[in-house]
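In what follows, a structure is listed as C-alpha cells, so that the remarks can point back to it.
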Amino acid sequence: MKLNEILYREIAIDFLNKKNKFTQKELSVRLGISLGNINKAVSNLQSINAVKIEKRSFNIIAFDKLLLYWATHRKLDKDIIYRSVSDLKVSEIENTMPNGIAFTAYTAYKKIYNTAPADYSEVFVYAVPDAVNIIKKRFQKQGKFPNIIVLNADKILSKRIINEKINAVPIPNLFVDLWNIRTWYAKEFIDALSKNIFS
C-alpha cells in the first residue's frame with residue numbers, strides 16, 4: 001500500500017471514531033511518513049474538496065469524497081503476494097487461516113456486521129510475513145481461479161494485526177478493497193457497506 005493510502009486510511013479511521021482535526025506534523029510522526037508526502041496527499045484531497053486546510057491543521061468535510069478518491073486510486077492487485085486454490089468450503093478456509101492475518105473483502109464484512117449480503121467464493125487476507133509462510137505451506141495448490149488471495153500488510157496494519165489482534169481490516173480499508181474487486185457480488189457488499197457508512 002502506498003504511503004498516501006496509509007494516510008487516507010488512518011484519517012478515515014479517526015473520522016469514524018469522531019476525530020476530525022489533524023495536523024500534518026502529528027500524522028508525520030505517528031505514521032513515519034515524511035511531511036512532504038503528508039502535505040502532497042492532503043493537497044490532493046483538498047483539490048476535490050474532501051478536506052479543508054487551515055493554517056496548521058486540516059479537517060475532513062466530505063468523507064464520501066475521501067473514500068471514493070482513495071478507492072479509485074487503489075491498486076489492489078499490486079499488494080497481492082500469494083494466490084492459491086482450495087477445495088475447502090469458504091468457511092473452512094476462513095477457519096484454517098493462521099494468526100497474523102486480517103480478513104478483508106467479504107469475510108471482513110461478515111465479521112464486522114455478522115451478516116453477508118450475498119454468497120461469496122473467495123477469501124482475501126492481509127498477512128504479516130510469518131503468516132504468509134504458513135499460508136503458503138497450508139495452501140500450496142495453484143490454479144486458474146484462485147479462491148485464496150493474500151495481500152501484503154503494510155507496517156501500520158501489521159502493528160494492528162500483531163498488537164491489537166484485529167481479525168478484520170478497518171472499515172475504510174474494507175470499502176476501498178471491495179471497490180477494487182471485480183466479482184459481481186462485490187457490488188452487493190459495497191452497496192450494503194455504503195449504507196452502513198453514509199446513512
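For the C-alpha cells, the naming scheme is as follows: chains receive sequential letters (A, B, ...) according to their order of presentation, residues are indexed from 1 within each chain, and ligands are indexed from 1 in presentation order.
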Please identify every residue of segment 20-100 of chain A that has at least one atom no farther than 7 Å from an atom of segment 106-130 of chain A, counting only C-alpha atoms, and for each give the shortest atom pair and the distance in Å to one decimal, arranged by chain then increasing number, as CSV.
residue,atom,partner,partner_atom,distance
A:Val90,CA,A:Ser121,CA,6.3
A:Glu94,CA,A:Val123,CA,7.0
A:Gly100,CA,A:Val128,CA,5.6
Closest atom pairs, residues of segment 27-50 of chain A within 10 Å of segment 65-71 of chain A, only C-alpha atoms, as a tab-separated table:
residue	atom	partner	partner_atom	distance
A:Asn44	CA	A:Tyr69	CA	9.0
A:Leu45	CA	A:Leu66	CA	6.6
A:Gln46	CA	A:Leu66	CA	9.5
A:Ile48	CA	A:Lys65	CA	7.4
A:Asn49	CA	A:Lys65	CA	7.7
A:Ala50	CA	A:Lys65	CA	5.4
Can I get the selection written as a compact mmCIF listing (two decimals), in the first residue's frame, with N, CA and C atoms?
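In the end it all went to selection_2.txt:
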# COMPACT_ATOMS: atom_id res chain seq x y z
N ASN A 44 -4.02 16.75 -2.38
CA ASN A 44 -4.85 16.02 -3.34
C ASN A 44 -6.30 15.95 -2.87
N LEU A 45 -6.48 15.77 -1.57
CA LEU A 45 -7.84 15.72 -1.02
C LEU A 45 -8.49 17.11 -1.04
N GLN A 46 -7.67 18.13 -0.81
CA GLN A 46 -8.19 19.49 -0.86
C GLN A 46 -8.68 19.84 -2.27
N ILE A 48 -10.22 18.14 -4.35
CA ILE A 48 -11.56 17.63 -4.65
C ILE A 48 -12.56 18.01 -3.55
N ASN A 49 -12.15 18.95 -2.71
CA ASN A 49 -12.99 19.44 -1.60
C ASN A 49 -13.39 18.35 -0.62
N ALA A 50 -12.48 17.43 -0.37
CA ALA A 50 -12.72 16.40 0.64
C ALA A 50 -12.24 16.86 2.01
Chain A: which residues are helix (DSSP H, G or I) by DSSP, as a ChimeraX atom specification? /A:3-16,24-31,35-47,63-73,76-79,90-96,105-113,129-138,155-164,171-179,184-198
Within 9 Å of Pro172 of chain A, counting only C-alpha atoms, which residues qualify if same-chain residues fewer than 2 places away don't, as a list of chain:residue names?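 Everything that qualifies: A:Tyr8, A:Arg9, A:Glu10, A:Ala12, A:Ile13, A:Leu16, A:Leu67, A:Val169, A:Pro170, A:Leu174, A:Phe175, A:Val176, A:Asp177.
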With only C-alpha atoms as the atoms that count, which of A:Ile101, A:Ile53, A:Val85, A:Leu193 lies nearest to Phe145 of chain A?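 Ranking A:Ile101, A:Ile53, A:Val85, A:Leu193 by distance to Phe145 of chain A, first place goes to A:Val85.
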Running DSSP on the backbone, which parts of segment 13-191 of chain A land in strand (DSSP E), as an NGL selection string? :A and (51-53 or 58-60 or 80-84 or 101-104 or 123-127 or 148-152)
Those selected residues, please, written with C-alpha atoms and delivered as a PDB file, in the first residue's frame.
ATOM      1  CA  VAL A  51     -10.738  18.300   3.275  1.00  0.00           C
ATOM      2  CA  LYS A  52     -10.360  21.882   4.413  1.00  0.00           C
ATOM      3  CA  ILE A  53      -6.839  23.027   5.178  1.00  0.00           C
ATOM      4  CA  PHE A  58      -6.989  20.279   8.354  1.00  0.00           C
ATOM      5  CA  ASN A  59     -10.305  18.549   8.732  1.00  0.00           C
ATOM      6  CA  ILE A  60     -12.470  16.275   6.616  1.00  0.00           C
ATOM      7  CA  ILE A  80      -1.234  -9.346  -3.771  1.00  0.00           C
ATOM      8  CA  ILE A  81       1.719 -11.524  -2.784  1.00  0.00           C
ATOM      9  CA  TYR A  82       0.198 -15.009  -2.989  1.00  0.00           C
ATOM     10  CA  ARG A  83      -2.742 -16.780  -4.614  1.00  0.00           C
ATOM     11  CA  SER A  84      -3.910 -20.333  -4.104  1.00  0.00           C
ATOM     12  CA  ILE A 101      -3.779 -12.045   9.340  1.00  0.00           C
ATOM     13  CA  ALA A 102      -6.639  -9.593   8.965  1.00  0.00           C
ATOM     14  CA  PHE A 103      -9.508 -10.506   6.688  1.00  0.00           C
ATOM     15  CA  THR A 104     -10.723  -8.036   4.109  1.00  0.00           C
ATOM     16  CA  VAL A 123     -11.155 -15.340   0.943  1.00  0.00           C
ATOM     17  CA  PHE A 124      -8.963 -12.229   0.981  1.00  0.00           C
ATOM     18  CA  VAL A 125      -6.481 -11.616   3.803  1.00  0.00           C
ATOM     19  CA  TYR A 126      -3.701  -9.193   4.653  1.00  0.00           C
ATOM     20  CA  ALA A 127      -0.851 -11.089   6.256  1.00  0.00           C
ATOM     21  CA  ILE A 148      -7.364 -17.574  -1.521  1.00  0.00           C
ATOM     22  CA  ILE A 149      -5.806 -14.164  -2.057  1.00  0.00           C
ATOM     23  CA  VAL A 150      -3.082 -12.908   0.271  1.00  0.00           C
ATOM     24  CA  LEU A 151      -2.118  -9.241   0.410  1.00  0.00           C
ATOM     25  CA  ASN A 152       0.931  -7.663   1.973  1.00  0.00           C
TER      26      ASN A 152
END
Nearest to Phe22 of chain A, chosen from A:Asn4, A:Ser43, A:Ser57, A:Asn180, with only C-alpha atoms counted in the distances: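 Closest to Phe22 of chain A, using only C-alpha atoms: A:Ser57.
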For atom CA of Ile38 of chain A and atom CA of Val132 of chain A, quote the distance in Å rounded to one decimal.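 Spanning atom CA of Ile38 of chain A to atom CA of Val132 of chain A is a straight-line distance of 29.8 Å.
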Which is closest to Ile197 of chain A among A:Lys141, A:Asn163, A:Asp64, A:Leu35, if we use only C-alpha atoms?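 Using only C-alpha atoms, Ile197 of chain A sits closest to A:Asp64.
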Tell me which of A:Arg56, A:Lys137, A:Leu3, A:Ser194 sits closest to Gln24 of chain A, counting only C-alpha atoms.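 Looking at the shortest contact to Gln24 of chain A, the residue is A:Arg56.
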Hey, what's within 10 Å of Met1 of chain A if we count only C-alpha atoms and toss same-chain stuff fewer than 2 positions away? As a PyMOL selection string, please? chain A and resi 3-6+74-76+78-79+151-155
Which of these, A:Ala131, A:Ile156, A:Ile161, A:Ala105, has the shortest distance to Tyr185 of chain A once you count only C-alpha atoms? A:Ala105
